[in-house]
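Structure first, commentary second.
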Amino acid sequence: MYIVVVGGGKVGYYLTKTLVTEGYEVLLIEKDAAKVQTWSERFGAVVLHGDGCEVAVLEKAGVARADVLIATTGHDEDNLVVAQLGQNLFKVPKVIARINNPKNEDIFRRLGVMFTVSQTNIILNRIEEEIPHRPLIHLSTLRHADLAIVEVDIEDDAPVVGQEIRAVRFPPDTIVAAVVRENTLVMPRGETRFASGDRVIALTRRAHEEKLRDALVGDAAP
Amino acid sequence: MQEIRPRNNRQTDVVILGCGRVGSRLATMMDGDGFDVTVIDTDSYAFRRLPETFRGRTILGTGIDEDVLRRAGIEGARTFIAVTNDDNPNIMAAQIAQTVFRVPEVLARVYDVERANVYAQLGLKTICPTATIAQLFHEQVTQRPHAPGASSGS
């Protein structure tokens, strides 16, 4: 199995290193002469100096007989060109392009690139899995006044569900400014009762943000 | 950089990506022809190349971003021309214009001769200054009477 990697940045370097260790026949194409020298000293003769977007360089790299071509540069336009040349000109069976700007995932698909890897989306998805929801969102800090505007979503299990606002033990200097319920604004009064699904917008001191969150959603926040 | 509103709120006819020497000159020419022109560049300083009489719009941003192209009025434009100094952004932006926005006339400048040929075969209209200029010089030189291969009559 012959694998050609274009772009010797961090991704290309670690990918090549792993593939070499696993025993694959690998060639890394890199534009920058200094990087080529460093990588050559570490890997031996598996690094080719050249611009992987040039047809002549890809020919020299023997891309026509490659089983896999991977474009890993930090520039989406370069990865697109490498992938398209690999697919259309050299008929490489499997071409994979790294996507830096997640917006381009759909564009690449529409421009015919079959396999893409969007690291931003992968990281985002992992973070979302780890942190299912953030109960308190800091909206804005009012400079000079040490005040913060925050947004809190009230869930089923929040301790304030069914309670009147005046009964909730808020930290000092806290004002409930608005309650958004089923997309309509409820002007909060002392006797307004919190309900599950409410979005609460409040003003508080910056130092009291945590206490406010605890008062509204409990301290069992995930 | 302030954005100049198009006259009479007409739709953009031509979107030009890249306000370098070629892009700014082309934009000025097409504006003079009466087209409604929008120029995109990542560097607001590049727009200084447009004359004060330029009536089109300028958009700050990269041409390989759908949203920037939309802001430039690519939806409904008749022509898209990519003339940044870099081949790959030109190629990518031109393909987005052609495939995603279905602009009827799309042109891209590609300096690399081979790359220009490959993309021409893939259905993109490319203009390759390298090939064109080399050919012009070649013609100039080989047409001289004492050039090798030319009949000098001696």
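If you're wondering about the labels, chains in the structure tokens are A, B, ... by order shown, residues count from 1 in each chain, ligands from 1 in order shown.
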
Inset, instruction - Do me a favour and pick out the residues of chain B within 9 Å of chain A, using only C-alpha atoms, as a PyMOL selection string. - result: chain B and resi 64-66+88-93+95-96+99-100+112+114-115+118-119+122

Since we have the selection now, will you write its residues out, keeping C-alpha atoms, as a CSV table (one decimal), in the first residue's frame?
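For reference, again-v1.csv as written:
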chain,number,residue,atom,x,y,z
B,64,ILE,CA,-13.5,31.1,-1.0
B,65,ASP,CA,-16.2,31.9,1.5
B,66,GLU,CA,-19.8,31.4,0.3
B,88,ASN,CA,-5.6,27.9,-5.8
B,89,PRO,CA,-8.0,30.5,-4.3
B,90,ASN,CA,-8.9,31.5,-7.9
B,91,ILE,CA,-9.6,27.9,-8.8
B,92,MET,CA,-11.7,27.3,-5.6
B,93,ALA,CA,-13.6,30.5,-5.8
B,95,GLN,CA,-15.6,26.5,-8.9
B,96,ILE,CA,-17.9,27.7,-6.1
B,99,THR,CA,-21.1,24.8,-9.2
B,100,VAL,CA,-22.8,26.3,-6.1
B,112,ASP,CA,0.7,27.4,-13.5
B,114,GLU,CA,-0.3,22.5,-16.2
B,115,ARG,CA,-2.9,23.4,-13.6
B,118,VAL,CA,-6.1,20.3,-16.1
B,119,TYR,CA,-8.9,22.6,-14.9
B,122,LEU,CA,-12.4,19.7,-16.1

Legend entry - Who sits within 8 Å of A:Gly74, only C-alpha atoms, same chain under 2 positions skipped, as a PyMOL selection string: chain A and resi 9+72+76+100

Given the selection you just returned, output its residues as a file containing C-alpha atoms, formatted as a JSON list (two decimals), in the first residue's frame.
[["chain", "number", "residue", "atom", "x", "y", "z"],
["A", 9, "GLY", "CA", 2.76, 20.76, 9.00],
["A", 72, "THR", "CA", -3.24, 17.91, 5.01],
["A", 76, "ASP", "CA", -8.44, 24.59, 2.18],
["A", 100, "ASN", "CA", -9.74, 23.72, 8.10]]

Legend entry - Neighbour list for stretch 30-40 of chain B as a PyMOL selection string, cut-off 7 Å, only C-alpha atoms, skip fewer than 4 positions in-chain: chain B and resi 12-19+26+54-61+63+72

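The interatomic distance for the pair atom CA of B:Lys125 and atom CA of A:Gly7 works out to 27.6 Å.
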
Inset, instruction - Write out as number ranges by chain all residues of stretch 39-204 of chain A that DSSP puts in strand (DSSP E) for this structure's backbone. - result: A: 47-49, 68-71, 94-99, 115-118, 136-142, 147-153, 175-181, 184-186, 199-204

Would you please extract all alpha helix (DSSP H) residues from stretch 13-94 of chain B, as assigned by DSSP on the backbone, and give them as a PDB file with N, CA and C atoms, in the first residue's frame?
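New file result.pdb:
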ATOM      1  N   ARG B  21      -3.402  44.735  -9.553  1.00  0.00           N
ATOM      2  CA  ARG B  21      -3.278  45.565 -10.754  1.00  0.00           C
ATOM      3  C   ARG B  21      -4.267  45.138 -11.824  1.00  0.00           C
ATOM      4  N   VAL B  22      -4.380  43.831 -12.032  1.00  0.00           N
ATOM      5  CA  VAL B  22      -5.300  43.339 -13.071  1.00  0.00           C
ATOM      6  C   VAL B  22      -6.757  43.542 -12.632  1.00  0.00           C
ATOM      7  N   GLY B  23      -7.062  43.127 -11.400  1.00  0.00           N
ATOM      8  CA  GLY B  23      -8.440  43.216 -10.926  1.00  0.00           C
ATOM      9  C   GLY B  23      -8.969  44.635 -10.927  1.00  0.00           C
ATOM     10  N   SER B  24      -8.162  45.572 -10.422  1.00  0.00           N
ATOM     11  CA  SER B  24      -8.633  46.960 -10.343  1.00  0.00           C
ATOM     12  C   SER B  24      -8.805  47.553 -11.748  1.00  0.00           C
ATOM     13  N   ARG B  25      -7.891  47.194 -12.635  1.00  0.00           N
ATOM     14  CA  ARG B  25      -7.976  47.723 -14.002  1.00  0.00           C
ATOM     15  C   ARG B  25      -9.221  47.179 -14.708  1.00  0.00           C
ATOM     16  N   LEU B  26      -9.416  45.884 -14.553  1.00  0.00           N
ATOM     17  CA  LEU B  26     -10.580  45.230 -15.157  1.00  0.00           C
ATOM     18  C   LEU B  26     -11.883  45.815 -14.600  1.00  0.00           C
ATOM     19  N   ALA B  27     -11.908  46.012 -13.265  1.00  0.00           N
ATOM     20  CA  ALA B  27     -13.106  46.572 -12.629  1.00  0.00           C
ATOM     21  C   ALA B  27     -13.397  47.961 -13.172  1.00  0.00           C
ATOM     22  N   THR B  28     -12.352  48.755 -13.335  1.00  0.00           N
ATOM     23  CA  THR B  28     -12.513  50.115 -13.849  1.00  0.00           C
ATOM     24  C   THR B  28     -13.030  50.088 -15.294  1.00  0.00           C
ATOM     25  N   MET B  29     -12.482  49.176 -16.094  1.00  0.00           N
ATOM     26  CA  MET B  29     -12.915  49.075 -17.489  1.00  0.00           C
ATOM     27  C   MET B  29     -14.393  48.683 -17.582  1.00  0.00           C
ATOM     28  N   MET B  30     -14.766  47.672 -16.769  1.00  0.00           N
ATOM     29  CA  MET B  30     -16.144  47.175 -16.862  1.00  0.00           C
ATOM     30  C   MET B  30     -17.139  48.184 -16.282  1.00  0.00           C
ATOM     31  N   ASP B  31     -16.690  48.921 -15.261  1.00  0.00           N
ATOM     32  CA  ASP B  31     -17.517  50.000 -14.710  1.00  0.00           C
ATOM     33  C   ASP B  31     -17.741  51.052 -15.791  1.00  0.00           C
ATOM     34  N   GLY B  32     -16.682  51.358 -16.531  1.00  0.00           N
ATOM     35  CA  GLY B  32     -16.771  52.334 -17.627  1.00  0.00           C
ATOM     36  C   GLY B  32     -17.705  51.854 -18.730  1.00  0.00           C
ATOM     37  N   GLU B  66     -18.484  31.222   0.937  1.00  0.00           N
ATOM     38  CA  GLU B  66     -19.823  31.377   0.340  1.00  0.00           C
ATOM     39  C   GLU B  66     -20.512  32.665   0.784  1.00  0.00           C
ATOM     40  N   ASP B  67     -20.393  32.970   2.079  1.00  0.00           N
ATOM     41  CA  ASP B  67     -21.112  34.127   2.618  1.00  0.00           C
ATOM     42  C   ASP B  67     -20.564  35.439   2.063  1.00  0.00           C
ATOM     43  N   VAL B  68     -19.239  35.484   1.884  1.00  0.00           N
ATOM     44  CA  VAL B  68     -18.628  36.690   1.299  1.00  0.00           C
ATOM     45  C   VAL B  68     -19.111  36.849  -0.145  1.00  0.00           C
ATOM     46  N   LEU B  69     -19.135  35.743  -0.872  1.00  0.00           N
ATOM     47  CA  LEU B  69     -19.589  35.802  -2.268  1.00  0.00           C
ATOM     48  C   LEU B  69     -21.044  36.253  -2.344  1.00  0.00           C
ATOM     49  N   ARG B  70     -21.851  35.769  -1.380  1.00  0.00           N
ATOM     50  CA  ARG B  70     -23.251  36.180  -1.342  1.00  0.00           C
ATOM     51  C   ARG B  70     -23.367  37.677  -1.098  1.00  0.00           C
ATOM     52  N   ARG B  71     -22.551  38.181  -0.147  1.00  0.00           N
ATOM     53  CA  ARG B  71     -22.580  39.614   0.150  1.00  0.00           C
ATOM     54  C   ARG B  71     -22.177  40.429  -1.063  1.00  0.00           C
ATOM     55  N   ASP B  87      -3.082  30.953  -7.468  1.00  0.00           N
ATOM     56  CA  ASP B  87      -3.859  30.060  -8.334  1.00  0.00           C
ATOM     57  C   ASP B  87      -4.981  29.344  -7.593  1.00  0.00           C
ATOM     58  N   ASN B  88      -4.654  28.766  -6.439  1.00  0.00           N
ATOM     59  CA  ASN B  88      -5.637  27.887  -5.801  1.00  0.00           C
ATOM     60  C   ASN B  88      -6.888  28.606  -5.289  1.00  0.00           C
ATOM     61  N   PRO B  89      -6.749  29.779  -4.651  1.00  0.00           N
ATOM     62  CA  PRO B  89      -7.974  30.513  -4.297  1.00  0.00           C
ATOM     63  C   PRO B  89      -8.803  30.872  -5.541  1.00  0.00           C
ATOM     64  N   ASN B  90      -8.132  31.205  -6.645  1.00  0.00           N
ATOM     65  CA  ASN B  90      -8.870  31.502  -7.875  1.00  0.00           C
ATOM     66  C   ASN B  90      -9.650  30.279  -8.343  1.00  0.00           C
ATOM     67  N   ILE B  91      -8.975  29.134  -8.318  1.00  0.00           N
ATOM     68  CA  ILE B  91      -9.602  27.889  -8.761  1.00  0.00           C
ATOM     69  C   ILE B  91     -10.785  27.536  -7.862  1.00  0.00           C
ATOM     70  N   MET B  92     -10.582  27.650  -6.551  1.00  0.00           N
ATOM     71  CA  MET B  92     -11.655  27.262  -5.628  1.00  0.00           C
ATOM     72  C   MET B  92     -12.844  28.214  -5.734  1.00  0.00           C
ATOM     73  N   ALA B  93     -12.563  29.524  -5.748  1.00  0.00           N
ATOM     74  CA  ALA B  93     -13.650  30.507  -5.814  1.00  0.00           C
ATOM     75  C   ALA B  93     -14.427  30.352  -7.124  1.00  0.00           C
ATOM     76  N   ALA B  94     -13.702  30.138  -8.215  1.00  0.00           N
ATOM     77  CA  ALA B  94     -14.365  29.999  -9.517  1.00  0.00           C
ATOM     78  C   ALA B  94     -15.267  28.767  -9.534  1.00  0.00           C
TER      79      ALA B  94
END

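Within the 9 Å cut-off around A:Gly12, using only C-alpha atoms and omitting residues fewer than 4 positions from it on the same chain, the listed residues are Val5, Val6, Gly7, Gly8, Thr16, Lys17, Leu28, Ile70, Ala71, Thr72 and Thr73 of chain A.
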
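Interatomic distance, atom CA of A:Gly86 to atom CA of A:Val113: 9.9 Å.
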
Inset, instruction - Quick one: pull the distance between atom CA of A:Ile29 and atom CA of A:Tyr13, Å, one decimal. - result: 10.3 Å

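Residues within 9 Å of A:Gln163, counting only C-alpha atoms and excluding same-chain residues fewer than 4 positions away, are A:Pro159, A:Ala167, A:Val168, A:Glu191, A:Thr192, A:Arg193, A:Phe194, A:Ala195.
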
Limited to all heavy atoms, could you put the picked residues into a file as a CSV table (one decimal), in the first residue's frame?
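Just written: again25.csv:
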chain,number,residue,atom,x,y,z
A,159,PRO,N,-34.3,23.7,40.9
A,159,PRO,CA,-35.0,23.8,42.1
A,159,PRO,C,-36.1,25.0,42.1
A,159,PRO,O,-37.0,25.0,43.0
A,159,PRO,CB,-33.9,24.2,43.1
A,159,PRO,CG,-32.7,24.6,42.3
A,159,PRO,CD,-32.9,23.9,41.0
A,167,ALA,N,-39.6,34.4,46.2
A,167,ALA,CA,-39.3,33.3,47.1
A,167,ALA,C,-37.9,32.8,46.9
A,167,ALA,O,-37.3,32.1,47.7
A,167,ALA,CB,-40.3,32.2,47.1
A,168,VAL,N,-37.3,33.1,45.7
A,168,VAL,CA,-36.0,32.5,45.4
A,168,VAL,C,-34.9,33.3,46.1
A,168,VAL,O,-34.9,34.5,46.2
A,168,VAL,CB,-35.7,32.6,43.9
A,168,VAL,CG1,-34.3,32.0,43.5
A,168,VAL,CG2,-36.8,31.7,43.1
A,191,GLU,N,-44.5,37.9,41.9
A,191,GLU,CA,-45.3,36.7,42.0
A,191,GLU,C,-45.2,35.8,40.8
A,191,GLU,O,-45.9,34.8,40.7
A,191,GLU,CB,-46.8,37.1,42.2
A,191,GLU,CG,-47.4,37.8,41.1
A,191,GLU,CD,-47.3,39.4,41.2
A,191,GLU,OE1,-46.3,39.8,41.9
A,191,GLU,OE2,-48.1,40.1,40.6
A,192,THR,N,-44.3,36.2,39.8
A,192,THR,CA,-44.1,35.3,38.6
A,192,THR,C,-43.5,34.0,39.1
A,192,THR,O,-42.5,34.0,39.8
A,192,THR,CB,-43.2,36.0,37.6
A,192,THR,OG1,-43.7,37.3,37.3
A,192,THR,CG2,-43.0,35.2,36.3
A,193,ARG,N,-44.1,32.9,38.6
A,193,ARG,CA,-43.5,31.6,38.9
A,193,ARG,C,-42.6,31.1,37.8
A,193,ARG,O,-43.1,31.1,36.6
A,193,ARG,CB,-44.6,30.6,39.2
A,193,ARG,CG,-45.3,30.8,40.5
A,193,ARG,CD,-46.5,29.8,40.7
A,193,ARG,NE,-47.3,30.2,41.8
A,193,ARG,CZ,-47.1,29.8,43.1
A,193,ARG,NH1,-46.0,29.1,43.4
A,193,ARG,NH2,-47.9,30.2,44.0
A,194,PHE,N,-41.5,30.5,38.1
A,194,PHE,CA,-40.6,30.0,37.1
A,194,PHE,C,-41.2,28.7,36.6
A,194,PHE,O,-41.8,27.9,37.4
A,194,PHE,CB,-39.2,29.7,37.7
A,194,PHE,CG,-38.4,30.9,37.9
A,194,PHE,CD1,-38.0,31.3,39.2
A,194,PHE,CD2,-38.0,31.7,36.8
A,194,PHE,CE1,-37.2,32.4,39.3
A,194,PHE,CE2,-37.2,32.8,37.0
A,194,PHE,CZ,-36.8,33.2,38.3
A,195,ALA,N,-41.0,28.4,35.3
A,195,ALA,CA,-41.5,27.1,34.8
A,195,ALA,C,-40.4,26.5,34.0
A,195,ALA,O,-39.4,27.1,33.6
A,195,ALA,CB,-42.7,27.4,33.8

Legend entry - Among the residues A:Glu182, A:Gly50, A:Val152, A:Asp173, the one that comes closest to A:Arg199 [using only C-alpha atoms]: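 Under the stated criterion, the closest residue is A:Val152.
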